[in-house]
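I have placed the structure first, in the form of structure tokens, so that the comments after it can refer back to it.
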Amino acid sequence: MLGRLNHVAIAVPDLAAASAVYRETLGARVTAPQALPEHGVTIVFIDVGNTKIELLEPLGEGSPIAAFLEKNPSGGMHHVCYEVDDILAARDHLKASGARVLGDGTPKTGAHGKPVLFLHPKDFMGTLVELEQA
Ligand code: CO
């Protein structure tokens with residue numbers, strides 16, 4: 001079921017400052033910021049060849065990463081995203097295995113315009129897992 005690692009996401013309090021660190025200190029190419037109001041975040045991507053790094057900044061009231069940044073004010077690793085061939089089949093398999101799918105289990109459109117789901121971190125060794133339709 002599990003495919004390749006699509007990205008590792010890092011929550012940051014200041015997207016412009018974090019992008020500058022990746023661009024200038026690490027010498028990486030950083031995409032333009034993209035607002036995702038449905039997910040309550042603004043993001044950039046950094047392509048590192050074998051995978052991507054996603055930097056997330058809160059957007060609007062009640063952002064899902066606001067509480068995380070309260071606990072980790074300087075930012076931190078927020079989630080990992082794996083590709084799956086069939087997101088609905090993956091969801092049904094996970095639910096049947098007792099894993100908790102966040103929200104109502106209906107995939108939302110993610111940053112790449114593809115369906116995504118999030119899985120409860122308590123079921124995956126303390127790591128929030130995103131699944132993206134390959
Ligand atoms: Co993500």
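In the structure tokens, chains take the letters A, B, ... in the order shown, each chain's residues start at 1, and ligands count up from 1 in the order shown.
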
Using only C-alpha atoms, which protein or nucleic acid residues come within 12 Å of Val84 in chain A? Drop anything in the same chain fewer than 2 positions from it, and give the result as a JSON list (two decimals) with N, CA, C and O atoms, in the first residue's frame.
```
[["chain", "number", "residue", "atom", "x", "y", "z"],
["A", 1, "MET", "N", 0.82, -1.20, 0.00],
["A", 1, "MET", "CA", 0.00, 0.00, 0.00],
["A", 1, "MET", "C", 0.86, 1.26, 0.00],
["A", 1, "MET", "O", 0.61, 2.21, -0.73],
["A", 2, "LEU", "N", 1.89, 1.26, 0.85],
["A", 2, "LEU", "CA", 2.67, 2.48, 1.03],
["A", 2, "LEU", "C", 3.64, 2.69, -0.13],
["A", 2, "LEU", "O", 4.41, 1.81, -0.47],
["A", 3, "GLY", "N", 3.61, 3.89, -0.70],
["A", 3, "GLY", "CA", 4.52, 4.22, -1.78],
["A", 3, "GLY", "C", 5.67, 5.08, -1.29],
["A", 3, "GLY", "O", 6.06, 5.01, -0.14],
["A", 4, "ARG", "N", 6.18, 5.93, -2.17],
["A", 4, "ARG", "CA", 7.37, 6.72, -1.83],
["A", 4, "ARG", "C", 7.04, 7.86, -0.88],
["A", 4, "ARG", "O", 5.89, 8.26, -0.73],
["A", 5, "LEU", "N", 8.10, 8.36, -0.23],
["A", 5, "LEU", "CA", 7.98, 9.54, 0.63],
["A", 5, "LEU", "C", 7.82, 10.75, -0.27],
["A", 5, "LEU", "O", 8.71, 11.09, -1.05],
["A", 6, "ASN", "N", 6.66, 11.42, -0.18],
["A", 6, "ASN", "CA", 6.43, 12.60, -1.03],
["A", 6, "ASN", "C", 7.06, 13.84, -0.43],
["A", 6, "ASN", "O", 7.70, 14.61, -1.13],
["A", 81, "CYS", "N", 4.64, 12.70, 4.55],
["A", 81, "CYS", "CA", 3.60, 12.40, 3.56],
["A", 81, "CYS", "C", 4.07, 11.27, 2.65],
["A", 81, "CYS", "O", 5.11, 11.38, 1.99],
["A", 82, "TYR", "N", 3.29, 10.19, 2.64],
["A", 82, "TYR", "CA", 3.56, 9.04, 1.79],
["A", 82, "TYR", "C", 2.56, 8.99, 0.65],
["A", 82, "TYR", "O", 1.39, 9.35, 0.83],
["A", 86, "ASP", "N", -4.05, 4.22, -4.35],
["A", 86, "ASP", "CA", -5.51, 4.36, -4.29],
["A", 86, "ASP", "C", -5.87, 4.83, -2.89],
["A", 86, "ASP", "O", -5.87, 4.04, -1.94],
["A", 87, "ILE", "N", -6.17, 6.11, -2.75],
["A", 87, "ILE", "CA", -6.34, 6.68, -1.41],
["A", 87, "ILE", "C", -7.60, 6.14, -0.72],
["A", 87, "ILE", "O", -7.61, 5.98, 0.50],
["A", 88, "LEU", "N", -8.64, 5.84, -1.48],
["A", 88, "LEU", "CA", -9.86, 5.32, -0.85],
["A", 88, "LEU", "C", -9.66, 3.88, -0.37],
["A", 88, "LEU", "O", -10.09, 3.52, 0.73],
["A", 89, "ALA", "N", -8.94, 3.09, -1.17],
["A", 89, "ALA", "CA", -8.62, 1.72, -0.74],
["A", 89, "ALA", "C", -7.70, 1.76, 0.48],
["A", 89, "ALA", "O", -7.87, 0.96, 1.42],
["A", 90, "ALA", "N", -6.74, 2.70, 0.48],
["A", 90, "ALA", "CA", -5.83, 2.84, 1.63],
["A", 90, "ALA", "C", -6.62, 3.22, 2.88],
["A", 90, "ALA", "O", -6.41, 2.65, 3.96],
["A", 91, "ARG", "N", -7.54, 4.17, 2.73],
["A", 91, "ARG", "CA", -8.36, 4.60, 3.87],
["A", 91, "ARG", "C", -9.17, 3.42, 4.44],
["A", 91, "ARG", "O", -9.19, 3.19, 5.65],
["A", 93, "HIS", "N", -8.58, 0.22, 4.16],
["A", 93, "HIS", "CA", -7.67, -0.74, 4.77],
["A", 93, "HIS", "C", -7.25, -0.26, 6.16],
["A", 93, "HIS", "O", -7.24, -1.03, 7.13],
["A", 114, "LYS", "N", -3.92, 17.03, -5.45],
["A", 114, "LYS", "CA", -4.33, 15.62, -5.38],
["A", 114, "LYS", "C", -5.00, 15.34, -4.04],
["A", 114, "LYS", "O", -4.76, 16.06, -3.08],
["A", 115, "PRO", "N", -5.83, 14.28, -3.97],
["A", 115, "PRO", "CA", -6.53, 13.99, -2.71],
["A", 115, "PRO", "C", -5.54, 13.58, -1.61],
["A", 115, "PRO", "O", -4.61, 12.81, -1.86],
["A", 116, "VAL", "N", -5.78, 14.10, -0.39],
["A", 116, "VAL", "CA", -4.95, 13.76, 0.76],
["A", 116, "VAL", "C", -5.82, 13.42, 1.97],
["A", 116, "VAL", "O", -6.96, 13.88, 2.08],
["A", 117, "LEU", "N", -5.25, 12.64, 2.88],
["A", 117, "LEU", "CA", -5.88, 12.31, 4.16],
["A", 117, "LEU", "C", -4.79, 12.37, 5.23],
["A", 117, "LEU", "O", -3.61, 12.17, 4.92],
["A", 130, "GLU", "N", 0.48, 11.96, 6.55],
["A", 130, "GLU", "CA", -0.38, 12.39, 5.45],
["A", 130, "GLU", "C", -0.26, 11.35, 4.35],
["A", 130, "GLU", "O", 0.84, 10.87, 4.06],
["A", 131, "LEU", "N", -1.37, 10.99, 3.75],
["A", 131, "LEU", "CA", -1.35, 10.12, 2.57],
["A", 131, "LEU", "C", -1.79, 10.95, 1.38],
["A", 131, "LEU", "O", -2.73, 11.74, 1.47],
["A", 132, "GLU", "N", -1.08, 10.81, 0.28],
["A", 132, "GLU", "CA", -1.44, 11.54, -0.94],
["A", 132, "GLU", "C", -1.61, 10.55, -2.08],
["A", 132, "GLU", "O", -0.78, 9.66, -2.27],
["A", 133, "GLN", "N", -2.70, 10.74, -2.82],
["A", 133, "GLN", "CA", -2.93, 9.93, -4.02],
["A", 133, "GLN", "C", -1.76, 10.14, -4.98],
["A", 133, "GLN", "O", -1.43, 11.28, -5.32],
["A", 134, "ALA", "N", -1.13, 9.05, -5.41],
["A", 134, "ALA", "CA", 0.05, 9.18, -6.30],
["A", 134, "ALA", "C", -0.37, 9.67, -7.68],
["A", 134, "ALA", "O", -1.49, 9.45, -8.10]]
```

Checklist entry - Which chains and residue numbers are within 8 Å of ligand 1, counting only C-alpha atoms and all ligand atoms, if I want them as a PyMOL selection string? => result chain A and resi 7-9+54+79-81+110-111+130

Could those selected residues go to a file with N, CA, C and O atoms, as a JSON list (two decimals), in the first residue's frame?
```
[["chain", "number", "residue", "atom", "x", "y", "z"],
["A", 7, "HIS", "N", 6.88, 14.05, 0.87],
["A", 7, "HIS", "CA", 7.53, 15.18, 1.53],
["A", 7, "HIS", "C", 7.56, 15.02, 3.04],
["A", 7, "HIS", "O", 6.83, 14.21, 3.60],
["A", 8, "VAL", "N", 8.45, 15.79, 3.65],
["A", 8, "VAL", "CA", 8.51, 15.95, 5.10],
["A", 8, "VAL", "C", 8.12, 17.40, 5.36],
["A", 8, "VAL", "O", 8.64, 18.31, 4.70],
["A", 9, "ALA", "N", 7.17, 17.64, 6.27],
["A", 9, "ALA", "CA", 6.68, 18.98, 6.52],
["A", 9, "ALA", "C", 7.21, 19.53, 7.84],
["A", 9, "ALA", "O", 7.21, 18.83, 8.85],
["A", 54, "GLU", "N", 8.42, 20.53, 2.93],
["A", 54, "GLU", "CA", 7.30, 21.48, 2.88],
["A", 54, "GLU", "C", 7.40, 22.34, 4.14],
["A", 54, "GLU", "O", 7.44, 21.80, 5.25],
["A", 79, "HIS", "N", 4.79, 16.69, 9.95],
["A", 79, "HIS", "CA", 4.25, 15.43, 9.41],
["A", 79, "HIS", "C", 5.11, 14.89, 8.29],
["A", 79, "HIS", "O", 5.95, 15.60, 7.75],
["A", 80, "VAL", "N", 4.89, 13.61, 7.97],
["A", 80, "VAL", "CA", 5.50, 13.00, 6.79],
["A", 80, "VAL", "C", 4.37, 12.61, 5.85],
["A", 80, "VAL", "O", 3.28, 12.27, 6.29],
["A", 81, "CYS", "N", 4.64, 12.70, 4.55],
["A", 81, "CYS", "CA", 3.60, 12.40, 3.56],
["A", 81, "CYS", "C", 4.07, 11.27, 2.65],
["A", 81, "CYS", "O", 5.11, 11.38, 1.99],
["A", 110, "GLY", "N", -5.00, 18.39, -1.64],
["A", 110, "GLY", "CA", -3.77, 18.84, -1.00],
["A", 110, "GLY", "C", -3.00, 19.85, -1.85],
["A", 110, "GLY", "O", -3.50, 20.35, -2.86],
["A", 111, "ALA", "N", -1.79, 20.13, -1.41],
["A", 111, "ALA", "CA", -0.97, 21.18, -2.02],
["A", 111, "ALA", "C", -0.63, 20.89, -3.48],
["A", 111, "ALA", "O", -0.33, 21.80, -4.24],
["A", 130, "GLU", "N", 0.48, 11.96, 6.55],
["A", 130, "GLU", "CA", -0.38, 12.39, 5.45],
["A", 130, "GLU", "C", -0.26, 11.35, 4.35],
["A", 130, "GLU", "O", 0.84, 10.87, 4.06]]
```

Item to check | Two-atom distance - CA of Ile46 in chain A, CA of Leu128 in chain A (Å) | outcome: 19.8 Å
